[in-house]
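Have a look at input-v5.tsv; it's TSV, C-alpha atoms:
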```tsv
chain	number	residue	atom	x	y	z
O	94	MET	CA	131.98	4.41	171.51
O	95	ALA	CA	134.42	3.60	168.75
O	96	ARG	CA	134.30	0.26	166.99
O	97	ASP	CA	137.85	-0.50	168.17
O	98	GLY	CA	136.76	0.17	171.75
O	99	ARG	CA	133.89	-2.29	171.48
O	100	ALA	CA	136.25	-4.87	169.97
O	101	VAL	CA	138.64	-4.52	172.92
O	102	ILE	CA	135.76	-4.87	175.40
O	103	ILE	CA	134.52	-8.04	173.66
O	104	LEU	CA	138.06	-9.47	173.53
O	105	LEU	CA	138.69	-8.78	177.22
O	106	SER	CA	135.29	-10.25	178.16
O	107	LEU	CA	136.12	-13.50	176.34
O	108	LEU	CA	139.59	-13.52	177.92
O	109	LEU	CA	138.07	-13.09	181.38
O	110	VAL	CA	135.67	-16.02	180.88
O	111	ALA	CA	138.56	-18.18	179.64
O	112	MET	CA	140.72	-17.06	182.56
O	113	ILE	CA	138.03	-17.94	185.11
O	114	ALA	CA	137.52	-21.39	183.58
O	115	SER	CA	141.21	-22.23	183.19
O	116	ASN	CA	142.40	-20.85	186.53
O	117	THR	CA	139.63	-22.64	188.43
O	118	ALA	CA	141.21	-25.88	187.15
O	119	ILE	CA	144.62	-24.97	188.58
O	120	GLY	CA	145.42	-26.19	192.07
O	121	SER	CA	146.99	-28.92	194.18
O	122	SER	CA	144.29	-31.43	193.19
O	123	ASP	CA	144.64	-32.66	189.62
O	124	ILE	CA	141.41	-31.72	187.83
O	125	SER	CA	141.55	-31.15	184.08
O	126	PRO	CA	140.21	-27.93	182.53
O	127	VAL	CA	137.65	-29.97	180.55
O	128	ASP	CA	136.31	-31.64	183.69
O	129	THR	CA	136.31	-28.27	185.44
O	130	VAL	CA	134.09	-26.76	182.74
O	131	ARG	CA	131.83	-29.83	182.86
O	132	ILE	CA	131.46	-29.51	186.63
O	133	MET	CA	130.63	-25.80	186.40
O	134	VAL	CA	128.14	-26.22	183.54
O	135	THR	CA	126.41	-29.10	185.31
O	136	ALA	CA	126.18	-27.15	188.57
O	137	ILE	CA	124.80	-24.08	186.79
O	138	THR	CA	122.13	-26.06	184.90
O	139	GLU	CA	121.10	-27.84	188.11
O	140	LYS	CA	120.89	-24.49	189.91
O	141	LEU	CA	118.69	-23.09	187.15
O	142	MET	CA	116.58	-26.28	187.30
O	143	ILE	CA	116.83	-26.87	183.56
O	144	GLY	CA	118.32	-30.35	183.81
O	145	ASN	CA	121.24	-31.88	181.98
O	146	LEU	CA	120.43	-30.37	178.58
O	147	LEU	CA	123.92	-31.00	177.22
O	148	ASN	CA	123.91	-34.70	178.26
O	149	ILE	CA	127.16	-34.27	180.19
O	150	GLU	CA	128.38	-37.58	181.56
O	151	LYS	CA	129.58	-37.41	185.16
O	152	VAL	CA	133.20	-38.60	185.12
O	153	TRP	CA	134.36	-36.71	188.18
O	154	SER	CA	134.16	-37.58	191.87
O	155	ASP	CA	132.02	-35.77	194.44
O	156	SER	CA	135.18	-34.47	196.11
O	157	GLN	CA	136.35	-32.95	192.83
O	158	GLY	CA	132.97	-31.27	192.39
O	159	THR	CA	133.20	-29.85	195.91
O	160	ILE	CA	136.73	-28.53	195.31
O	161	ILE	CA	135.69	-26.75	192.12
O	162	MET	CA	132.32	-25.36	193.20
O	163	ASN	CA	132.90	-24.61	196.89
O	164	ILE	CA	136.60	-23.74	197.09
O	165	ARG	CA	138.20	-22.69	193.81
O	166	LEU	CA	135.37	-21.06	191.85
O	167	PRO	CA	134.21	-18.73	194.68
O	168	ARG	CA	137.81	-17.61	195.17
O	169	VAL	CA	138.36	-16.97	191.47
O	170	LEU	CA	135.08	-15.06	191.15
O	171	LEU	CA	135.80	-13.02	194.29
O	172	GLY	CA	139.23	-12.18	192.87
O	173	ALA	CA	137.60	-11.03	189.63
O	174	LEU	CA	135.16	-8.82	191.54
O	175	VAL	CA	137.86	-7.28	193.73
O	176	GLY	CA	140.17	-6.66	190.78
O	177	ALA	CA	137.35	-5.12	188.75
O	178	ALA	CA	136.36	-2.86	191.64
O	179	LEU	CA	139.88	-1.60	192.38
O	180	ALA	CA	140.70	-0.99	188.71
O	181	THR	CA	137.43	0.86	188.08
O	182	ALA	CA	137.86	3.04	191.16
O	183	GLY	CA	141.49	3.72	190.23
O	184	CYS	CA	140.52	4.73	186.70
O	185	ALA	CA	137.85	7.12	188.01
O	186	MET	CA	140.21	8.63	190.58
O	187	GLN	CA	142.94	9.16	187.99
O	188	GLY	CA	140.44	10.87	185.71
O	189	LEU	CA	139.13	13.06	188.51
O	190	LEU	CA	142.56	14.07	189.82
O	191	LYS	CA	144.14	14.12	186.34
O	192	ASN	CA	147.06	12.15	187.76
O	193	PRO	CA	148.16	8.75	186.37
O	194	MET	CA	149.78	7.90	189.70
O	195	ALA	CA	146.55	8.16	191.68
O	196	ASP	CA	144.90	4.98	192.98
O	197	PRO	CA	141.85	4.07	195.09
O	198	TYR	CA	143.86	4.20	198.32
O	199	ILE	CA	145.27	7.68	197.76
O	200	ILE	CA	142.81	9.42	200.07
O	201	GLY	CA	143.02	7.13	203.09
O	202	MET	CA	140.68	4.25	202.26
O	203	SER	CA	143.25	1.52	202.90
O	204	SER	CA	144.13	2.97	206.30
O	205	GLY	CA	140.44	3.14	207.21
O	206	ALA	CA	139.88	-0.48	206.20
O	207	GLY	CA	143.00	-1.56	208.07
O	208	LEU	CA	141.76	0.10	211.25
O	209	GLY	CA	138.40	-1.65	210.90
O	210	ALA	CA	140.08	-5.02	210.44
O	211	ALA	CA	142.32	-4.48	213.46
O	212	LEU	CA	139.31	-3.57	215.60
O	213	ALA	CA	137.38	-6.58	214.30
O	214	PHE	CA	140.16	-9.00	215.24
O	215	ALA	CA	140.76	-7.33	218.61
O	216	LEU	CA	137.09	-7.08	219.63
O	217	MET	CA	135.80	-10.23	217.85
O	218	LEU	CA	133.41	-8.22	215.66
O	219	PRO	CA	132.25	-8.93	212.05
O	220	LEU	CA	135.34	-8.28	209.93
O	221	GLN	CA	133.76	-7.50	206.55
O	222	LEU	CA	131.16	-5.12	207.98
O	223	LEU	CA	133.59	-3.19	210.18
O	224	ALA	CA	136.26	-2.89	207.48
O	225	PHE	CA	133.66	-1.54	205.06
O	226	VAL	CA	132.28	0.97	207.57
O	227	THR	CA	135.69	2.33	208.59
O	228	ALA	CA	136.93	2.55	204.99
O	229	ALA	CA	133.84	4.48	203.94
O	230	GLY	CA	134.00	6.56	207.12
O	231	SER	CA	137.59	7.60	206.42
O	232	ILE	CA	136.46	9.12	203.11
O	233	PHE	CA	133.69	11.03	204.88
O	234	ILE	CA	136.29	12.50	207.25
O	235	VAL	CA	138.73	13.37	204.44
O	236	TYR	CA	136.00	14.98	202.35
O	237	ASN	CA	134.77	17.19	205.18
O	238	ILE	CA	138.29	18.21	206.19
O	239	SER	CA	139.19	19.23	202.63
O	240	ARG	CA	135.92	21.01	201.83
O	241	ILE	CA	136.16	24.78	201.55
O	242	GLY	CA	132.64	26.14	201.44
O	243	GLU	CA	130.90	24.17	198.70
O	244	LYS	CA	134.12	23.29	196.88
O	245	VAL	CA	136.67	20.53	197.33
O	246	PRO	CA	140.07	21.45	195.84
O	247	THR	CA	141.89	18.34	194.66
O	248	GLU	CA	145.19	19.43	196.24
O	249	THR	CA	143.52	19.83	199.63
O	250	LEU	CA	141.77	16.49	199.18
O	251	LEU	CA	145.06	14.70	198.57
O	252	LEU	CA	146.81	16.35	201.53
O	253	ALA	CA	143.89	15.60	203.84
O	254	GLY	CA	143.86	11.99	202.64
O	255	ILE	CA	147.56	11.59	203.36
O	256	ALA	CA	147.21	13.12	206.84
O	257	VAL	CA	144.15	11.06	207.80
O	258	GLY	CA	145.78	7.94	206.34
O	259	PHE	CA	148.90	8.35	208.48
O	260	PHE	CA	146.79	8.96	211.59
O	261	LEU	CA	144.60	5.89	211.03
O	262	SER	CA	147.68	3.78	210.28
O	263	SER	CA	149.23	4.84	213.57
O	264	VAL	CA	146.06	3.83	215.44
O	265	THR	CA	146.10	0.47	213.63
O	266	SER	CA	149.75	-0.04	214.61
O	267	PHE	CA	148.87	0.71	218.23
O	268	ILE	CA	146.07	-1.89	218.16
O	269	ILE	CA	148.42	-4.47	216.60
O	270	PHE	CA	150.97	-3.77	219.34
O	271	LEU	CA	148.36	-4.39	222.05
O	272	SER	CA	146.69	-7.33	220.31
O	273	GLN	CA	147.15	-10.89	221.55
O	274	SER	CA	147.03	-12.21	217.97
O	275	PRO	CA	148.83	-9.62	215.84
O	276	HIS	CA	149.66	-12.17	213.12
O	277	GLN	CA	146.02	-12.34	212.01
O	278	ILE	CA	145.84	-8.58	211.54
O	279	ILE	CA	149.18	-8.35	209.73
O	280	TYR	CA	148.26	-11.25	207.45
O	281	TRP	CA	144.95	-9.58	206.55
O	282	LEU	CA	146.69	-6.28	205.84
O	283	MET	CA	148.88	-8.03	203.27
O	284	GLY	CA	145.80	-8.81	201.18
O	285	GLY	CA	144.40	-12.21	200.24
O	286	LEU	CA	141.34	-14.19	199.17
O	287	TRP	CA	141.71	-17.15	201.54
O	288	THR	CA	138.28	-16.74	203.13
O	289	ALA	CA	136.34	-16.65	199.86
O	290	ASN	CA	132.92	-18.32	199.82
O	291	TRP	CA	129.67	-17.95	197.92
O	292	ASP	CA	128.12	-15.63	200.52
O	293	LYS	CA	131.01	-13.18	200.15
O	294	VAL	CA	130.81	-13.41	196.36
O	295	LYS	CA	127.10	-12.54	196.41
O	296	ILE	CA	127.42	-9.72	198.95
O	297	THR	CA	130.46	-8.21	197.22
O	298	PHE	CA	128.77	-8.38	193.82
O	299	LEU	CA	125.66	-6.60	195.13
O	300	MET	CA	127.82	-3.91	196.77
O	301	ILE	CA	130.16	-3.34	193.83
O	302	LEU	CA	127.76	-3.46	190.87
O	303	PRO	CA	125.75	-0.26	191.65
O	304	GLY	CA	128.94	1.72	192.35
O	305	VAL	CA	130.62	0.60	189.12
O	306	PHE	CA	127.46	1.47	187.17
O	307	MET	CA	127.32	4.96	188.71
O	308	LEU	CA	130.99	5.55	187.86
O	309	TYR	CA	130.28	4.54	184.26
O	310	ARG	CA	127.59	7.24	184.18
O	311	GLN	CA	130.28	9.85	184.87
O	312	SER	CA	132.32	8.87	181.78
O	313	TRP	CA	131.36	11.88	179.69
O	314	ASN	CA	131.85	14.30	182.59
O	315	LEU	CA	135.32	12.89	183.26
O	316	ASN	CA	136.16	13.30	179.58
O	317	VAL	CA	135.13	16.95	179.65
O	318	MET	CA	137.02	17.59	182.89
O	319	LEU	CA	140.24	16.52	181.17
O	320	LEU	CA	139.99	19.85	179.33
O	321	GLY	CA	140.15	21.74	182.64
O	322	GLU	CA	137.56	22.69	185.23
O	323	GLU	CA	136.83	26.11	183.70
O	324	GLN	CA	136.22	24.60	180.26
O	325	ALA	CA	134.03	21.88	181.81
O	326	GLN	CA	131.92	24.48	183.61
O	327	CYS	CA	131.44	26.37	180.35
O	328	MET	CA	130.11	23.14	178.85
O	329	GLY	CA	127.54	22.76	181.62
O	330	VAL	CA	129.29	20.28	183.91
O	331	ASP	CA	128.63	20.70	187.63
O	332	ILE	CA	132.23	20.19	188.75
O	333	GLU	CA	131.62	19.80	192.47
O	334	LYS	CA	128.71	17.41	191.93
O	335	VAL	CA	130.90	15.24	189.71
O	336	LYS	CA	133.68	15.27	192.32
O	337	ARG	CA	131.27	14.19	195.05
O	338	SER	CA	129.79	11.45	192.91
O	339	VAL	CA	133.14	10.03	191.82
O	340	LEU	CA	134.55	10.20	195.35
O	341	VAL	CA	131.52	8.58	196.95
O	342	PHE	CA	131.13	5.71	194.50
O	343	SER	CA	134.88	5.09	194.15
O	344	SER	CA	135.04	4.92	197.94
O	345	LEU	CA	132.09	2.55	198.26
O	346	VAL	CA	133.41	0.25	195.52
O	347	THR	CA	136.89	0.20	197.05
O	348	ALA	CA	135.57	-0.29	200.58
O	349	ALA	CA	133.45	-3.23	199.41
O	350	ALA	CA	136.49	-4.83	197.77
O	351	VAL	CA	138.92	-4.19	200.62
O	352	SER	CA	136.47	-5.49	203.24
O	353	VAL	CA	136.67	-9.03	201.77
O	354	SER	CA	140.24	-9.10	200.49
O	355	GLY	CA	142.39	-6.93	202.70
O	356	ILE	CA	144.65	-4.31	201.17
O	357	ILE	CA	145.73	-5.30	197.66
O	358	GLY	CA	147.91	-2.61	196.18
O	359	PHE	CA	148.78	-1.47	192.66
O	360	VAL	CA	145.72	-2.91	190.85
O	361	GLY	CA	144.01	0.47	190.75
O	362	LEU	CA	147.28	2.15	189.81
O	363	ILE	CA	148.72	0.13	186.95
O	364	ILE	CA	145.65	-1.31	185.20
O	365	PRO	CA	144.01	2.03	184.24
O	366	HIS	CA	147.35	3.36	183.05
O	367	ILE	CA	148.01	0.30	180.88
O	368	MET	CA	144.51	0.47	179.39
O	369	ARG	CA	144.91	4.21	178.78
O	370	ILE	CA	147.97	3.42	176.67
O	371	ILE	CA	146.03	0.76	174.73
O	372	VAL	CA	142.58	2.37	174.22
O	373	GLY	CA	143.22	6.07	174.87
O	374	PRO	CA	141.77	8.53	177.40
O	375	ASP	CA	138.05	8.24	176.48
O	376	HIS	CA	136.44	7.10	179.76
O	377	ARG	CA	133.48	5.57	177.89
O	378	ILE	CA	135.96	2.92	176.76
O	379	LEU	CA	138.64	3.26	179.43
O	380	LEU	CA	136.36	2.53	182.41
O	381	PRO	CA	134.87	-0.79	181.17
O	382	THR	CA	138.18	-2.03	179.77
O	383	SER	CA	139.87	-1.21	183.10
O	384	THR	CA	137.12	-3.14	184.89
O	385	LEU	CA	137.69	-6.23	182.76
O	386	MET	CA	141.48	-6.02	182.81
O	387	GLY	CA	141.49	-5.51	186.58
O	388	ALA	CA	139.46	-8.69	187.00
O	389	ILE	CA	141.80	-10.62	184.68
O	390	PHE	CA	144.92	-9.30	186.41
O	391	LEU	CA	143.81	-10.20	189.93
O	392	VAL	CA	142.59	-13.67	188.94
O	393	PHE	CA	145.99	-14.27	187.34
O	394	SER	CA	147.87	-12.86	190.37
O	395	ASP	CA	145.86	-14.92	192.86
O	396	THR	CA	146.48	-18.09	190.86
O	397	ILE	CA	150.21	-17.42	191.17
O	398	ALA	CA	149.78	-16.68	194.89
O	399	ARG	CA	148.08	-20.00	195.65
O	400	THR	CA	150.23	-22.24	193.43
O	401	ILE	CA	153.79	-20.85	193.30
O	402	LEU	CA	154.72	-22.51	196.62
O	403	GLU	CA	153.55	-26.04	197.35
O	404	SER	CA	152.86	-25.71	201.05
O	405	THR	CA	152.14	-21.98	201.37
O	406	ASP	CA	149.36	-19.74	200.12
O	407	LEU	CA	150.98	-16.36	199.50
O	408	PRO	CA	149.07	-13.14	200.09
O	409	VAL	CA	147.97	-11.92	196.67
O	410	GLY	CA	149.03	-8.41	197.69
O	411	VAL	CA	152.63	-9.64	197.55
O	412	VAL	CA	152.20	-10.78	193.94
O	413	THR	CA	150.48	-7.57	192.78
O	414	ALA	CA	153.23	-5.54	194.46
O	415	PHE	CA	155.83	-7.63	192.62
O	416	PHE	CA	154.26	-6.60	189.31
O	417	GLY	CA	153.16	-3.12	190.37
O	418	ALA	CA	156.25	-1.72	192.05
O	419	PRO	CA	158.47	-1.82	188.93
O	420	PHE	CA	155.67	-0.28	186.89
O	421	PHE	CA	155.29	2.49	189.48
O	422	ILE	CA	159.02	3.20	189.21
O	423	TYR	CA	158.58	3.38	185.42
O	424	LEU	CA	155.80	5.95	185.87
O	425	LEU	CA	157.96	8.03	188.18
O	426	ARG	CA	160.89	8.02	185.75
O	427	LYS	CA	158.63	8.87	182.82
O	428	ARG	CA	157.06	11.73	184.80
O	429	ARG	CA	160.51	13.03	185.78
O	430	LYS	CA	161.66	13.05	182.16
O	431	SER	CA	158.55	14.97	181.10
O	432	ILE	CA	159.16	17.57	183.82
O	433	TYR	CA	162.81	18.15	182.93
O	434	ALA	CA	162.46	17.76	179.16
```
Kindly transcribe the structure held in the file into structure tokens.
Amino acid sequence: MARDGRAVIILLSLLLVAMIASNTAIGSSDISPVDTVRIMVTAITEKLMIGNLLNIEKVWSDSQGTIIMNIRLPRVLLGALVGAALATAGCAMQGLLKNPMADPYIIGMSSGAGLGAALAFALMLPLQLLAFVTAAGSIFIVYNISRIGEKVPTETLLLAGIAVGFFLSSVTSFIIFLSQSPHQIIYWLMGGLWTANWDKVKITFLMILPGVFMLYRQSWNLNVMLLGEEQAQCMGVDIEKVKRSVLVFSSLVTAAAVSVSGIIGFVGLIIPHIMRIIVGPDHRILLPTSTLMGAIFLVFSDTIARTILESTDLPVGVVTAFFGAPFFIYLLRKRRKSIYA
């Protein structure tokens, strides 16, 4: 990994820590960033049972401590996890499909998660579990539809994903039409972190971490595959095994994120592309920097979502779409110019 790549990773890591600390302080209750850091450090040292080693004087109220530790911090951390997961999966999918306009939802995952959420609300079942199962199940269906013998052509995979996605979306629309509380389903589909708590942070972290690690292990293979599948095979890469691995772990990471946040678009599309412009196409650098930048971007977007209007907590999916849609148009125009140049 190049020295410049390591420098970018260190810089983004420091920026993420600063973003978590500063954005946890932002909210309707007036709590200063300094007091926010004091509250978090004190809570962490108490949790680790190492006492007040820094001799921090308690100048905050119990209610302020509860707001920071039980409301804001879990939401900020969950946003960081979801953003990191979507950006990592998007980066891996773009590398696999060799298409900068690919994202984690391109093969039907969002439609699968949406169907699970609709069923959960309609049948009073566990939302996170059902959304995860249906999102992962949609990928299993797409993969088996697109498989030809032992191979999975990327064109067939994309077409199968689009077809399955439309079908699952139509089923979700039918359930919403019949539901007695359609607003809950529609609100969830818009994407948000309103229900964040420490249990969801822990579960999501444990679900996302192994998948992200396994995608990192495919960095070199994704680099070689940029040269073309024939060239990669000549260099000893098992193309179909790499495809299965990237698809499976991208799907699991995305399903874990979507199951707690709803459908948040554009993170997995724009973040890898931006980082590719900054650090280049080497996935050994591109994957971790996309992870960090995805976390930063979603924490920033969610802070806007919960503070831009005084009495309303916007779905964070609205904010990411506000940033992502113009960038997507830019990608389309750039791609069109390259085709007709």
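With only C-alpha atoms as the atoms that count, the residue of O:Val353, O:Ala195, O:Ala228, O:Ala414 with the shortest distance to Ala180 (chain O) is O:Ala195.
The spacing separating CA of His366 (chain O) from CA of Leu391 (chain O) amounts to 15.6 Å.
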I want to know what sits within 8 Å of region 375-390 of chain O, based on only C-alpha atoms, with residues of the same chain fewer than 4 positions away left out; could you give that as a PDB file with C-alpha atoms, keeping the file's coordinate frame?
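Saved the output as result.pdb:
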```pdb
ATOM      1  CA  MET O  94     131.980   4.410 171.510  1.00  0.00           C
ATOM      2  CA  GLY O  98     136.760   0.170 171.750  1.00  0.00           C
ATOM      3  CA  ARG O  99     133.890  -2.290 171.480  1.00  0.00           C
ATOM      4  CA  VAL O 101     138.640  -4.520 172.920  1.00  0.00           C
ATOM      5  CA  ILE O 102     135.760  -4.870 175.400  1.00  0.00           C
ATOM      6  CA  LEU O 105     138.690  -8.780 177.220  1.00  0.00           C
ATOM      7  CA  SER O 106     135.290 -10.250 178.160  1.00  0.00           C
ATOM      8  CA  LEU O 108     139.590 -13.520 177.920  1.00  0.00           C
ATOM      9  CA  LEU O 109     138.070 -13.090 181.380  1.00  0.00           C
ATOM     10  CA  MET O 112     140.720 -17.060 182.560  1.00  0.00           C
ATOM     11  CA  GLY O 172     139.230 -12.180 192.870  1.00  0.00           C
ATOM     12  CA  ALA O 173     137.600 -11.030 189.630  1.00  0.00           C
ATOM     13  CA  LEU O 174     135.160  -8.820 191.540  1.00  0.00           C
ATOM     14  CA  VAL O 175     137.860  -7.280 193.730  1.00  0.00           C
ATOM     15  CA  GLY O 176     140.170  -6.660 190.780  1.00  0.00           C
ATOM     16  CA  ALA O 177     137.350  -5.120 188.750  1.00  0.00           C
ATOM     17  CA  ALA O 178     136.360  -2.860 191.640  1.00  0.00           C
ATOM     18  CA  LEU O 179     139.880  -1.600 192.380  1.00  0.00           C
ATOM     19  CA  ALA O 180     140.700  -0.990 188.710  1.00  0.00           C
ATOM     20  CA  THR O 181     137.430   0.860 188.080  1.00  0.00           C
ATOM     21  CA  CYS O 184     140.520   4.730 186.700  1.00  0.00           C
ATOM     22  CA  ALA O 185     137.850   7.120 188.010  1.00  0.00           C
ATOM     23  CA  TYR O 309     130.280   4.540 184.260  1.00  0.00           C
ATOM     24  CA  SER O 312     132.320   8.870 181.780  1.00  0.00           C
ATOM     25  CA  TRP O 313     131.360  11.880 179.690  1.00  0.00           C
ATOM     26  CA  LEU O 315     135.320  12.890 183.260  1.00  0.00           C
ATOM     27  CA  ASN O 316     136.160  13.300 179.580  1.00  0.00           C
ATOM     28  CA  VAL O 360     145.720  -2.910 190.850  1.00  0.00           C
ATOM     29  CA  GLY O 361     144.010   0.470 190.750  1.00  0.00           C
ATOM     30  CA  ILE O 364     145.650  -1.310 185.200  1.00  0.00           C
ATOM     31  CA  PRO O 365     144.010   2.030 184.240  1.00  0.00           C
ATOM     32  CA  MET O 368     144.510   0.470 179.390  1.00  0.00           C
ATOM     33  CA  ARG O 369     144.910   4.210 178.780  1.00  0.00           C
ATOM     34  CA  SER O 394     147.870 -12.860 190.370  1.00  0.00           C
TER      35      SER O 394
END
```
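For region 118-120 of chain O, the non-local neighbours within 7 Å, defined as residues at least 6 positions apart in the same chain or in other chains and counting all atoms listed in the file, are Pro126, Thr129 and Thr400 of chain O.
Across O:Thr405, O:Pro197, O:Gly358, O:Val412, the tightest approach to Ser121 (chain O) is made by O:Thr405 when counting only C-alpha atoms.
Shell of Glu248 (chain O) at 12 Å, with all atoms listed in the file counted and residues fewer than 2 places along the chain excluded, is Leu189, Leu190, Lys191, Asn192, Ile199, Ile200, Tyr236, Ser239, Arg240, Ile241, Lys244, Val245, Pro246, Leu250, Leu251, Leu252, Ala253, Gly254 and Ile255 of chain O.
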> Skipping near chain neighbours, those fewer than 2 positions away, what residues fall within 12 Å of region 210-218 of chain O using only C-alpha atoms, listed as a PyMOL selection string?
Replying inline: chain O and resi 203-208+220-228+261-284+348+351-356
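You will find CA of Cys327 (chain O) at 22.3 Å from CA of Met186 (chain O).
For the choices O:Ile332, O:Leu425, O:Val339, O:Ala100, the atom-to-atom distance to Leu308 (chain O) is smallest for O:Val339 when using only C-alpha atoms.
Reported to one decimal place, the separation of CA of Val372 (chain O) from CA of Ala325 (chain O) is 22.6 Å.
Across O:Leu424, O:Ala349, O:Leu402, O:Met318, the tightest approach to Phe298 (chain O) is made by O:Ala349 when counting all atoms listed in the file.
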So that all listed atoms of region 364-377 of chain O fit with 3 Å spare on each side, what axis-aligned box centre and edge lengths in Å, to one decimal, would you give as JSON?
```
{"center_x": 140.7, "center_y": 3.6, "center_z": 179.7, "size_x": 20.5, "size_y": 15.8, "size_z": 17.0}
```
